[in-house]
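What follows is data_30.cif (mmCIF, C-alpha atoms).
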data_entry
loop_
_atom_site.group_PDB
_atom_site.id
_atom_site.type_symbol
_atom_site.label_atom_id
_atom_site.label_comp_id
_atom_site.auth_asym_id
_atom_site.auth_seq_id
_atom_site.Cartn_x
_atom_site.Cartn_y
_atom_site.Cartn_z
ATOM 1 C CA MET A 1 38.569 -34.651 -60.808
ATOM 2 C CA PRO A 2 36.316 -37.049 -58.838
ATOM 3 C CA SER A 3 35.506 -36.094 -55.280
ATOM 4 C CA SER A 4 37.079 -37.899 -52.340
ATOM 5 C CA ARG A 5 33.721 -39.494 -51.630
ATOM 6 C CA ALA A 6 33.524 -40.973 -55.128
ATOM 7 C CA LEU A 7 37.142 -42.155 -54.946
ATOM 8 C CA PHE A 8 36.517 -43.929 -51.660
ATOM 9 C CA LEU A 9 33.310 -45.620 -52.822
ATOM 10 C CA ARG A 10 34.813 -46.763 -56.111
ATOM 11 C CA GLY A 11 37.931 -47.984 -54.327
ATOM 12 C CA PHE A 12 35.778 -49.886 -51.880
ATOM 13 C CA GLY A 13 33.973 -51.412 -54.838
ATOM 14 C CA GLY A 14 37.374 -52.723 -55.923
ATOM 15 C CA VAL A 15 37.840 -54.256 -52.477
ATOM 16 C CA TRP A 16 34.458 -55.994 -52.762
ATOM 17 C CA LEU A 17 35.450 -57.221 -56.232
ATOM 18 C CA CYS A 18 38.642 -58.820 -54.870
ATOM 19 C CA ALA A 19 36.737 -60.424 -51.989
ATOM 20 C CA PHE A 20 33.992 -62.011 -54.120
ATOM 21 C CA THR A 21 36.397 -63.091 -56.857
ATOM 22 C CA SER A 22 38.709 -64.726 -54.322
ATOM 23 C CA TYR A 23 35.778 -66.558 -52.724
ATOM 24 C CA TYR A 24 34.486 -67.829 -56.067
ATOM 25 C CA LEU A 25 37.875 -69.142 -57.161
ATOM 26 C CA GLN A 26 38.571 -70.888 -53.851
ATOM 27 C CA PHE A 27 35.063 -72.196 -53.193
ATOM 28 C CA PRO A 28 35.510 -75.718 -54.688
ATOM 29 C CA GLY A 29 38.551 -76.457 -52.528
ATOM 30 C CA LEU A 30 37.222 -74.883 -49.331
ATOM 31 C CA TYR A 31 33.422 -75.205 -49.223
ATOM 32 C CA GLY A 32 32.513 -77.373 -52.208
ATOM 33 C CA SER A 33 31.106 -80.877 -51.900
ATOM 34 C CA ASP A 34 34.655 -82.253 -52.193
ATOM 35 C CA GLY A 35 36.292 -79.400 -50.299
ATOM 36 C CA LEU A 36 37.869 -79.244 -46.854
ATOM 37 C CA LEU A 37 34.678 -78.117 -45.099
ATOM 38 C CA PRO A 38 31.629 -78.672 -47.352
ATOM 39 C CA ALA A 39 29.174 -75.842 -46.753
ATOM 40 C CA GLY A 40 26.076 -77.742 -47.865
ATOM 41 C CA PRO A 41 25.892 -80.383 -45.097
ATOM 42 C CA ALA A 42 27.002 -77.860 -42.475
ATOM 43 C CA TRP A 43 24.258 -75.416 -43.434
ATOM 44 C CA ARG A 44 21.498 -78.043 -43.569
ATOM 45 C CA SER A 45 22.457 -79.392 -40.167
ATOM 46 C CA SER A 46 22.456 -75.923 -38.573
ATOM 47 C CA GLU A 47 19.502 -74.624 -36.597
ATOM 48 C CA ARG A 48 16.943 -72.597 -38.530
ATOM 49 C CA VAL A 49 16.512 -69.100 -37.092
ATOM 50 C CA PRO A 50 14.572 -66.039 -38.288
ATOM 51 C CA PHE A 51 16.141 -63.823 -40.932
ATOM 52 C CA ALA A 52 16.391 -60.926 -38.462
ATOM 53 C CA ASP A 53 18.595 -63.050 -36.180
ATOM 54 C CA ARG A 54 20.702 -64.516 -38.972
ATOM 55 C CA PRO A 55 20.422 -62.440 -42.163
ATOM 56 C CA SER A 56 21.367 -64.947 -44.845
ATOM 57 C CA LEU A 57 19.932 -65.444 -48.316
ATOM 58 C CA LEU A 58 20.299 -69.202 -47.844
ATOM 59 C CA LEU A 59 17.284 -69.102 -45.539
ATOM 60 C CA PHE A 60 15.104 -68.747 -48.633
ATOM 61 C CA LEU A 61 16.365 -72.001 -50.164
ATOM 62 C CA GLY A 62 14.110 -74.999 -50.351
ATOM 63 C CA THR A 63 14.949 -78.374 -48.887
ATOM 64 C CA GLU A 64 15.960 -79.726 -52.303
ATOM 65 C CA ASP A 65 17.983 -76.728 -53.471
ATOM 66 C CA ASP A 66 21.718 -77.082 -53.933
ATOM 67 C CA VAL A 67 23.613 -74.969 -51.396
ATOM 68 C CA ASP A 68 26.844 -75.142 -53.417
ATOM 69 C CA VAL A 69 25.165 -73.717 -56.517
ATOM 70 C CA ALA A 70 23.540 -70.991 -54.442
ATOM 71 C CA LEU A 71 26.818 -69.907 -52.844
ATOM 72 C CA GLU A 72 28.641 -69.838 -56.168
ATOM 73 C CA LEU A 73 25.792 -67.841 -57.693
ATOM 74 C CA ILE A 74 25.876 -65.384 -54.786
ATOM 75 C CA SER A 75 29.601 -64.862 -55.211
ATOM 76 C CA LEU A 76 29.176 -64.307 -58.961
ATOM 77 C CA ILE A 77 26.441 -61.740 -58.345
ATOM 78 C CA GLY A 78 28.803 -60.045 -55.910
ATOM 79 C CA VAL A 79 31.484 -59.914 -58.599
ATOM 80 C CA LEU A 80 29.105 -58.255 -61.071
ATOM 81 C CA VAL A 81 27.685 -55.747 -58.594
ATOM 82 C CA SER A 82 31.079 -54.774 -57.212
ATOM 83 C CA ALA A 83 32.438 -54.369 -60.753
ATOM 84 C CA SER A 84 29.608 -51.948 -61.520
ATOM 85 C CA VAL A 85 30.461 -49.974 -58.378
ATOM 86 C CA LEU A 86 34.110 -49.866 -59.396
ATOM 87 C CA ALA A 87 33.003 -48.591 -62.813
ATOM 88 C CA GLY A 88 31.220 -45.665 -61.164
ATOM 89 C CA VAL A 89 27.641 -46.788 -60.446
ATOM 90 C CA LEU A 90 27.501 -45.490 -56.894
ATOM 91 C CA HIS A 91 24.258 -45.961 -54.989
ATOM 92 C CA ALA A 92 23.508 -47.018 -51.448
ATOM 93 C CA SER A 93 21.298 -49.895 -52.617
ATOM 94 C CA LEU A 94 24.265 -51.546 -54.350
ATOM 95 C CA PHE A 95 26.396 -51.302 -51.213
ATOM 96 C CA ALA A 96 23.539 -52.748 -49.145
ATOM 97 C CA LEU A 97 23.273 -55.663 -51.578
ATOM 98 C CA LEU A 98 27.032 -56.272 -51.469
ATOM 99 C CA HIS A 99 26.966 -56.328 -47.673
ATOM 100 C CA LEU A 100 24.089 -58.827 -47.609
ATOM 101 C CA LEU A 101 25.774 -61.061 -50.201
ATOM 102 C CA TYR A 102 29.063 -61.230 -48.339
ATOM 103 C CA LEU A 103 27.307 -61.657 -44.995
ATOM 104 C CA THR A 104 25.581 -64.704 -46.486
ATOM 105 C CA LEU A 105 28.946 -66.165 -47.516
ATOM 106 C CA PHE A 106 30.382 -65.325 -44.103
ATOM 107 C CA LEU A 107 27.589 -67.110 -42.214
ATOM 108 C CA ALA A 108 27.701 -70.158 -44.499
ATOM 109 C CA GLY A 109 31.379 -70.828 -43.869
ATOM 110 C CA PRO A 110 32.747 -69.020 -40.836
ATOM 111 C CA THR A 111 35.874 -71.159 -40.427
ATOM 112 C CA PHE A 112 37.831 -69.683 -43.319
ATOM 113 C CA LEU A 113 36.110 -66.294 -43.081
ATOM 114 C CA ALA A 114 36.466 -65.749 -39.343
ATOM 115 C CA PHE A 115 39.529 -63.530 -39.512
ATOM 116 C CA GLN A 116 39.731 -59.898 -38.502
ATOM 117 C CA TRP A 117 39.879 -58.625 -42.071
ATOM 118 C CA ASP A 118 36.597 -60.335 -42.972
ATOM 119 C CA ILE A 119 34.889 -58.781 -39.964
ATOM 120 C CA PHE A 120 36.537 -55.453 -40.778
ATOM 121 C CA LEU A 121 35.247 -55.732 -44.345
ATOM 122 C CA LEU A 122 31.686 -56.343 -43.144
ATOM 123 C CA GLU A 123 31.818 -53.494 -40.632
ATOM 124 C CA THR A 124 33.201 -50.992 -43.117
ATOM 125 C CA GLY A 125 30.849 -52.254 -45.822
ATOM 126 C CA PHE A 126 27.885 -51.551 -43.577
ATOM 127 C CA MET A 127 29.121 -47.999 -42.957
ATOM 128 C CA ALA A 128 29.680 -47.474 -46.682
ATOM 129 C CA ILE A 129 25.937 -47.964 -47.207
ATOM 130 C CA PHE A 130 25.279 -44.687 -45.399
ATOM 131 C CA TYR A 131 28.250 -42.924 -46.988
ATOM 132 C CA ALA A 132 26.958 -43.701 -50.479
ATOM 133 C CA PRO A 133 24.250 -41.478 -52.024
ATOM 134 C CA PHE A 134 20.644 -42.642 -51.732
ATOM 135 C CA GLY A 135 18.880 -40.491 -54.280
ATOM 136 C CA ALA A 136 21.477 -39.182 -56.730
ATOM 137 C CA THR A 137 24.895 -39.834 -58.145
ATOM 138 C CA VAL A 138 27.823 -38.914 -55.966
ATOM 139 C CA ARG A 139 29.045 -36.192 -58.336
ATOM 140 C CA ASP A 140 25.856 -34.206 -57.699
ATOM 141 C CA ILE A 141 26.271 -34.199 -53.926
ATOM 142 C CA ASP A 142 28.528 -31.931 -51.917
ATOM 143 C CA VAL A 143 30.717 -33.828 -49.439
ATOM 144 C CA ILE A 144 31.266 -30.962 -47.014
ATOM 145 C CA GLY A 145 30.674 -32.132 -43.471
ATOM 146 C CA HIS A 146 29.381 -35.612 -44.299
ATOM 147 C CA PRO A 147 29.131 -37.344 -40.900
ATOM 148 C CA MET A 148 30.052 -40.794 -42.204
ATOM 149 C CA ALA A 149 33.514 -39.538 -43.135
ATOM 150 C CA TRP A 150 34.300 -39.211 -39.438
ATOM 151 C CA VAL A 151 32.662 -42.543 -38.650
ATOM 152 C CA LEU A 152 34.907 -44.236 -41.203
ATOM 153 C CA ARG A 153 37.951 -42.568 -39.684
ATOM 154 C CA VAL A 154 36.954 -43.814 -36.232
ATOM 155 C CA GLN A 155 36.484 -47.289 -37.690
ATOM 156 C CA TRP A 156 40.024 -47.253 -39.082
ATOM 157 C CA VAL A 157 41.458 -45.948 -35.794
ATOM 158 C CA LYS A 158 39.652 -48.675 -33.869
ATOM 159 C CA PHE A 159 40.985 -51.348 -36.198
ATOM 160 C CA MET A 160 44.584 -50.181 -35.846
ATOM 161 C CA LEU A 161 44.372 -49.708 -32.070
ATOM 162 C CA CYS A 162 42.967 -53.210 -31.627
ATOM 163 C CA SER A 163 45.787 -54.608 -33.775
ATOM 164 C CA GLY A 164 48.361 -52.940 -31.548
ATOM 165 C CA ALA A 165 46.615 -53.612 -28.246
ATOM 166 C CA VAL A 166 46.382 -57.354 -28.846
ATOM 167 C CA LYS A 167 50.170 -57.465 -29.184
ATOM 168 C CA VAL A 168 50.760 -55.425 -26.047
ATOM 169 C CA PHE A 169 48.330 -57.344 -23.843
ATOM 170 C CA SER A 170 49.552 -60.719 -25.077
ATOM 171 C CA GLN A 171 52.698 -60.052 -23.026
ATOM 172 C CA GLY A 172 54.712 -62.134 -25.443
ATOM 173 C CA PRO A 173 58.487 -61.825 -25.102
ATOM 174 C CA THR A 174 58.941 -61.190 -28.835
ATOM 175 C CA TRP A 175 56.734 -58.112 -28.690
ATOM 176 C CA ARG A 176 58.117 -56.909 -25.371
ATOM 177 C CA GLU A 177 61.732 -57.273 -26.535
ATOM 178 C CA LEU A 178 60.969 -56.011 -30.074
ATOM 179 C CA THR A 179 62.266 -59.224 -31.659
ATOM 180 C CA ALA A 180 59.061 -60.329 -33.408
ATOM 181 C CA LEU A 181 60.281 -59.472 -36.925
ATOM 182 C CA GLU A 182 63.271 -61.766 -36.463
ATOM 183 C CA PHE A 183 60.789 -64.656 -36.691
ATOM 184 C CA HIS A 184 57.850 -63.149 -38.579
ATOM 185 C CA PHE A 185 59.205 -63.227 -42.128
ATOM 186 C CA ALA A 186 60.285 -66.860 -41.777
ATOM 187 C CA SER A 187 56.920 -68.003 -40.415
ATOM 188 C CA THR A 188 54.367 -65.874 -42.277
ATOM 189 C CA CYS A 189 51.713 -67.824 -44.171
ATOM 190 C CA LEU A 190 52.363 -66.588 -47.703
ATOM 191 C CA PRO A 191 55.796 -64.911 -47.844
ATOM 192 C CA THR A 192 56.872 -62.957 -50.892
ATOM 193 C CA ALA A 193 60.312 -62.871 -52.502
ATOM 194 C CA GLU A 194 60.979 -59.627 -50.633
ATOM 195 C CA ALA A 195 60.260 -61.350 -47.311
ATOM 196 C CA TRP A 196 63.642 -63.104 -47.496
ATOM 197 C CA LEU A 197 65.356 -59.752 -47.941
ATOM 198 C CA PHE A 198 63.551 -58.356 -44.899
ATOM 199 C CA HIS A 199 64.475 -61.480 -42.907
ATOM 200 C CA SER A 200 68.149 -60.934 -43.778
ATOM 201 C CA LEU A 201 68.253 -57.395 -42.366
ATOM 202 C CA PRO A 202 70.379 -56.715 -39.243
ATOM 203 C CA PRO A 203 68.599 -57.472 -35.923
ATOM 204 C CA ALA A 204 68.858 -53.833 -34.845
ATOM 205 C CA LEU A 205 66.992 -52.709 -37.949
ATOM 206 C CA LEU A 206 64.333 -55.381 -37.451
ATOM 207 C CA ARG A 207 63.785 -54.204 -33.871
ATOM 208 C CA ALA A 208 63.429 -50.670 -35.147
ATOM 209 C CA GLY A 209 60.786 -52.039 -37.503
ATOM 210 C CA VAL A 210 58.812 -53.468 -34.578
ATOM 211 C CA ALA A 211 58.999 -50.096 -32.832
ATOM 212 C CA PHE A 212 57.769 -48.415 -36.034
ATOM 213 C CA MET A 213 54.893 -50.899 -36.130
ATOM 214 C CA PHE A 214 53.809 -49.927 -32.606
ATOM 215 C CA VAL A 215 53.946 -46.252 -33.594
ATOM 216 C CA CYS A 216 51.768 -46.937 -36.646
ATOM 217 C CA GLU A 217 49.218 -48.969 -34.710
ATOM 218 C CA LEU A 218 49.022 -47.155 -31.367
ATOM 219 C CA ILE A 219 50.053 -43.527 -31.942
ATOM 220 C CA ALA A 220 49.716 -42.513 -35.602
ATOM 221 C CA PRO A 221 46.013 -43.487 -35.911
ATOM 222 C CA TRP A 222 45.053 -40.684 -33.529
ATOM 223 C CA LEU A 223 46.287 -38.160 -36.101
ATOM 224 C CA LEU A 224 43.339 -39.110 -38.317
ATOM 225 C CA LEU A 225 40.906 -37.735 -35.755
ATOM 226 C CA LEU A 226 42.475 -34.293 -35.375
ATOM 227 C CA PRO A 227 40.521 -31.394 -36.935
ATOM 228 C CA VAL A 228 43.590 -30.181 -38.860
ATOM 229 C CA THR A 229 43.723 -31.461 -42.443
ATOM 230 C CA PRO A 230 47.545 -31.335 -42.903
ATOM 231 C CA VAL A 231 48.014 -33.344 -39.694
ATOM 232 C CA ARG A 232 45.475 -35.928 -40.853
ATOM 233 C CA ARG A 233 47.344 -36.269 -44.148
ATOM 234 C CA VAL A 234 50.573 -36.931 -42.279
ATOM 235 C CA GLY A 235 48.774 -39.676 -40.378
ATOM 236 C CA VAL A 236 47.533 -41.148 -43.649
ATOM 237 C CA LEU A 237 51.014 -41.119 -45.189
ATOM 238 C CA VAL A 238 52.295 -43.060 -42.187
ATOM 239 C CA GLN A 239 49.520 -45.628 -42.597
ATOM 240 C CA VAL A 240 50.100 -45.959 -46.346
ATOM 241 C CA ALA A 241 53.826 -46.562 -45.813
ATOM 242 C CA PHE A 242 53.076 -49.133 -43.116
ATOM 243 C CA GLN A 243 50.555 -50.999 -45.271
ATOM 244 C CA ALA A 244 52.917 -50.935 -48.255
ATOM 245 C CA LEU A 245 55.599 -52.667 -46.180
ATOM 246 C CA ILE A 246 53.061 -55.281 -45.097
ATOM 247 C CA GLN A 247 52.115 -55.962 -48.720
ATOM 248 C CA LEU A 248 55.756 -56.294 -49.734
ATOM 249 C CA SER A 249 56.601 -58.794 -47.015
ATOM 250 C CA GLY A 250 53.565 -61.065 -47.283
ATOM 251 C CA ILE A 251 50.563 -61.755 -49.501
ATOM 252 C CA THR A 252 47.812 -60.389 -47.285
ATOM 253 C CA THR A 253 44.554 -58.582 -47.805
ATOM 254 C CA GLY A 254 44.742 -55.299 -49.685
ATOM 255 C CA LEU A 255 41.704 -53.929 -47.859
ATOM 256 C CA THR A 256 43.599 -52.028 -45.207
ATOM 257 C CA CYS A 257 45.880 -50.329 -47.726
ATOM 258 C CA THR A 258 42.928 -49.296 -49.865
ATOM 259 C CA LEU A 259 41.057 -47.794 -46.928
ATOM 260 C CA ALA A 260 44.123 -45.949 -45.685
ATOM 261 C CA SER A 261 44.827 -44.372 -49.061
ATOM 262 C CA SER A 262 41.161 -43.502 -49.601
ATOM 263 C CA SER A 263 40.870 -41.791 -46.230
ATOM 264 C CA SER A 264 43.590 -39.298 -47.202
ATOM 265 C CA ARG A 265 40.960 -36.975 -48.626
ATOM 266 C CA LEU A 266 37.893 -37.915 -46.637
ATOM 267 C CA GLY A 267 36.168 -34.798 -45.465
ATOM 268 C CA ARG A 268 38.113 -32.496 -47.763
ATOM 269 C CA ARG A 269 36.004 -29.573 -48.861
ATOM 270 C CA THR A 270 34.983 -29.759 -52.488
ATOM 271 C CA ARG A 271 32.981 -27.260 -54.491
ATOM 272 C CA PRO A 272 29.906 -28.535 -56.334
ATOM 273 C CA ARG A 273 30.282 -28.699 -60.077
ATOM 274 C CA SER A 274 28.481 -26.338 -62.403
ATOM 275 C CA PRO A 275 26.216 -28.068 -64.901
ATOM 276 C CA PRO A 276 27.288 -27.614 -68.526
ATOM 277 C CA GLY A 277 25.808 -24.366 -69.783
ATOM 278 C CA GLY A 278 23.956 -23.855 -66.506
ATOM 279 C CA ARG A 279 24.199 -21.506 -63.590
ATOM 280 C CA PRO A 280 27.266 -21.564 -61.357
ATOM 281 C CA ALA A 281 27.084 -24.086 -58.522
ATOM 282 C CA GLY A 282 25.924 -22.646 -55.237
ATOM 283 C CA TRP A 283 23.704 -19.923 -56.763
ATOM 284 C CA SER A 284 20.048 -20.028 -55.909
ATOM 285 C CA PRO A 285 17.250 -19.003 -58.310
ATOM 286 C CA ALA A 286 16.749 -15.892 -56.205
ATOM 287 C CA CYS A 287 20.121 -14.620 -57.429
ATOM 288 C CA TRP A 288 18.725 -14.340 -60.947
ATOM 289 C CA ARG A 289 15.565 -12.412 -60.147
ATOM 290 C CA LEU A 290 15.290 -8.877 -61.415
ATOM 291 C CA PRO A 291 14.777 -6.146 -58.833
ATOM 292 C CA SER A 292 11.196 -5.187 -58.198
ATOM 293 C CA ARG A 293 9.751 -2.049 -59.764
ATOM 294 C CA GLY A 294 10.616 1.070 -57.911
ATOM 295 C CA SER A 295 13.656 -0.336 -56.180
ATOM 296 C CA SER A 296 17.026 1.303 -56.641
ATOM 297 C CA SER A 297 20.555 0.022 -56.249
ATOM 298 C CA GLY A 298 20.550 1.157 -52.669
ATOM 299 C CA GLY A 299 16.978 0.230 -51.828
ATOM 300 C CA ARG A 300 15.381 -2.668 -50.068
ATOM 301 C CA GLY A 301 15.243 -4.819 -53.196
ATOM 302 C CA SER A 302 19.007 -4.691 -53.562
ATOM 303 C CA GLU A 303 19.533 -5.434 -49.884
ATOM 304 C CA ALA A 304 17.171 -8.400 -49.984
ATOM 305 C CA ARG A 305 18.835 -9.730 -53.104
ATOM 306 C CA SER A 306 22.258 -9.349 -51.485
ATOM 307 C CA ALA A 307 21.075 -11.234 -48.428
ATOM 308 C CA ARG A 308 19.838 -14.099 -50.567
ATOM 309 C CA CYS A 309 22.941 -14.107 -52.737
ATOM 310 C CA PRO A 310 26.173 -13.374 -50.824
ATOM 311 C CA ARG A 311 28.325 -13.438 -53.972
ATOM 312 C CA SER A 312 26.379 -10.600 -55.543
ATOM 313 C CA ALA A 313 26.882 -8.600 -52.367
ATOM 314 C CA ARG A 314 30.625 -9.141 -52.527
ATOM 315 C CA SER A 315 30.803 -8.161 -56.183
ATOM 316 C CA ALA A 316 28.726 -5.051 -55.525
ATOM 317 C CA SER A 317 31.040 -3.967 -52.706
ATOM 318 C CA ARG A 318 33.964 -4.043 -55.102
#
Would you mind giving the structure from this file in structure tokens?
Amino acid sequence: MPSSRALFLRGFGGVWLCAFTSYYLQFPGLYGSDGLLPAGPAWRSSERVPFADRPSLLLFLGTEDDVDVALELISLIGVLVSASVLAGVLHASLFALLHLLYLTLFLAGPTFLAFQWDIFLLETGFMAIFYAPFGATVRDIDVIGHPMAWVLRVQWVKFMLCSGAVKVFSQGPTWRELTALEFHFASTCLPTAEAWLFHSLPPALLRAGVAFMFVCELIAPWLLLLPVTPVRRVGVLVQVAFQALIQLSGITTGLTCTLASSSSRLGRRTRPRSPPGGRPAGWSPACWRLPSRGSSSGGRGSEARSARCPRSARSASR
């Protein structure tokens, strides 16, 4: 079974695939030459800054190059690279390339990409670079104690807390009186067929839903930071249920649901695999050395070998 690290990285590759595919399909109507906000004239009229201040691949275009063709090509490259990640090619260089590609699209057209989920995607994508392996495939690397697992958890907690805090500090009467869902399903941007069913629920149940939302955004995220694995899994189950309800009631980004489900096993201890026909994982070459001449089972050679190889010491004690 793949490790939690591999599951997260491949799942995040699927998120990148959805993002680049969506951009490519919507580019003509949004940023094309005949779109709502053509990206070409806007980019050429913008101020030229160094790459370090504005990391965009469009800075390498010539004055006569077509910005529209470049953006469509960038999105297609993102589709191919993210598909390879989803297929199991997991390397930090691919995640770094995906982050740079999407950052280029983000800077070229910030109007339609200036929402919290786009920023959340870029932030998490940058962290995924350091969670991915640099010099080997993920199946060859033990995930015990990987520091980026905790950084990703903190990132998720921050995202959820900000989502809840903005509602509390807005001091809107619908949030304060727990009546927001009585209007939400009728005014959401892209409602689903199930949204009408949710809108038809009794007002008391809809107010309970708003209270559940505040629990999911302001209280439950803290469970992901506790050092007790069963408690963290409870927190993840709450987040998965919350995100599933969001997906049912409106066509929104699937990024948050993917990250919540992937984080269910982040940091779980996994044992390295044994190579086919090779030595058991975790055994060092010293475990296979013969005792030196003149050493007995109770001599120094046996003690030194036991110190180097704890498993042999345990088997000998039996």
Evaluate the PyMOL selection byres ((chain A and resi 96) around 10) on the structure here and hand back the selected residues as a ChimeraX atom specification. /A:91-95,97-101,125-130,132
Minimum-distance residue to Leu197 (chain A), chosen among A:Val236, A:Pro173, A:Val85, A:Gly250 (using all atoms listed in the file): A:Gly250
Taking (30.4, -50.9, -61.2) in the coordinates of the supplied file, I want to know which residues reach to within 12 Å of it, counting all atoms listed in the file; could you give the answer as a list in words?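 The requested residues, written out, are Leu9, Arg10, Gly11, Phe12, Gly13, Gly14, Val15, Trp16, Leu17, Ile77, Gly78, Val79, Leu80, Val81, Ser82, Ala83, Ser84, Val85, Leu86, Ala87, Gly88, Val89, Leu90, His91, Leu94, Phe95 and Leu98 of chain A.
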The PyMOL selection byres ((chain A and resi 164) around 10) resolved against shown file, as an NGL selection string: :A and (158-163 or 165-169 or 213-219)
Coordinates-based distance that separates CA of Leu122 (chain A) from CA of Ile74 (chain A) (Å, one decimal):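 Those two atoms sit 15.8 Å apart.
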Contact residues around Ala180 (chain A) with all atoms listed in the file at 9 Å, ignoring same-chain residues under 5 positions, as a PDB file with C-alpha atoms, in the frame of the given file:
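Okay, around-v9.pdb is ready:
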ATOM      1  CA  PRO A 173      58.487 -61.825 -25.102  1.00  0.00           C
ATOM      2  CA  THR A 174      58.941 -61.190 -28.835  1.00  0.00           C
ATOM      3  CA  TRP A 175      56.734 -58.112 -28.690  1.00  0.00           C
ATOM      4  CA  LEU A 206      64.333 -55.381 -37.451  1.00  0.00           C
ATOM      5  CA  ARG A 207      63.785 -54.204 -33.871  1.00  0.00           C
ATOM      6  CA  VAL A 210      58.812 -53.468 -34.578  1.00  0.00           C
TER       7      VAL A 210
END
Choose the residue, out of A:Leu121, A:Thr111, A:Ala39, A:Ala6, that has the smallest atom-to-atom separation from Phe20 (chain A); count all atoms listed in the file.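 For Phe20 (chain A), the nearest of the given residues is A:Leu121.
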Find the distance between CA of Leu30 (chain A) and CA of Thr188 (chain A) and write it in Å to one decimal.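 Between CA of Leu30 (chain A) and CA of Thr188 (chain A) the gap is 20.6 Å.
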Target residues per the PyMOL selection byres ((chain A and resi 232) around 10), formatted as a ChimeraX atom specification: /A:220-231,233-238,263-266
To one decimal place, how far is CA of Pro41 (chain A) from CA of Asp68 (chain A) in Å?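 Those two atoms sit 9.9 Å apart.
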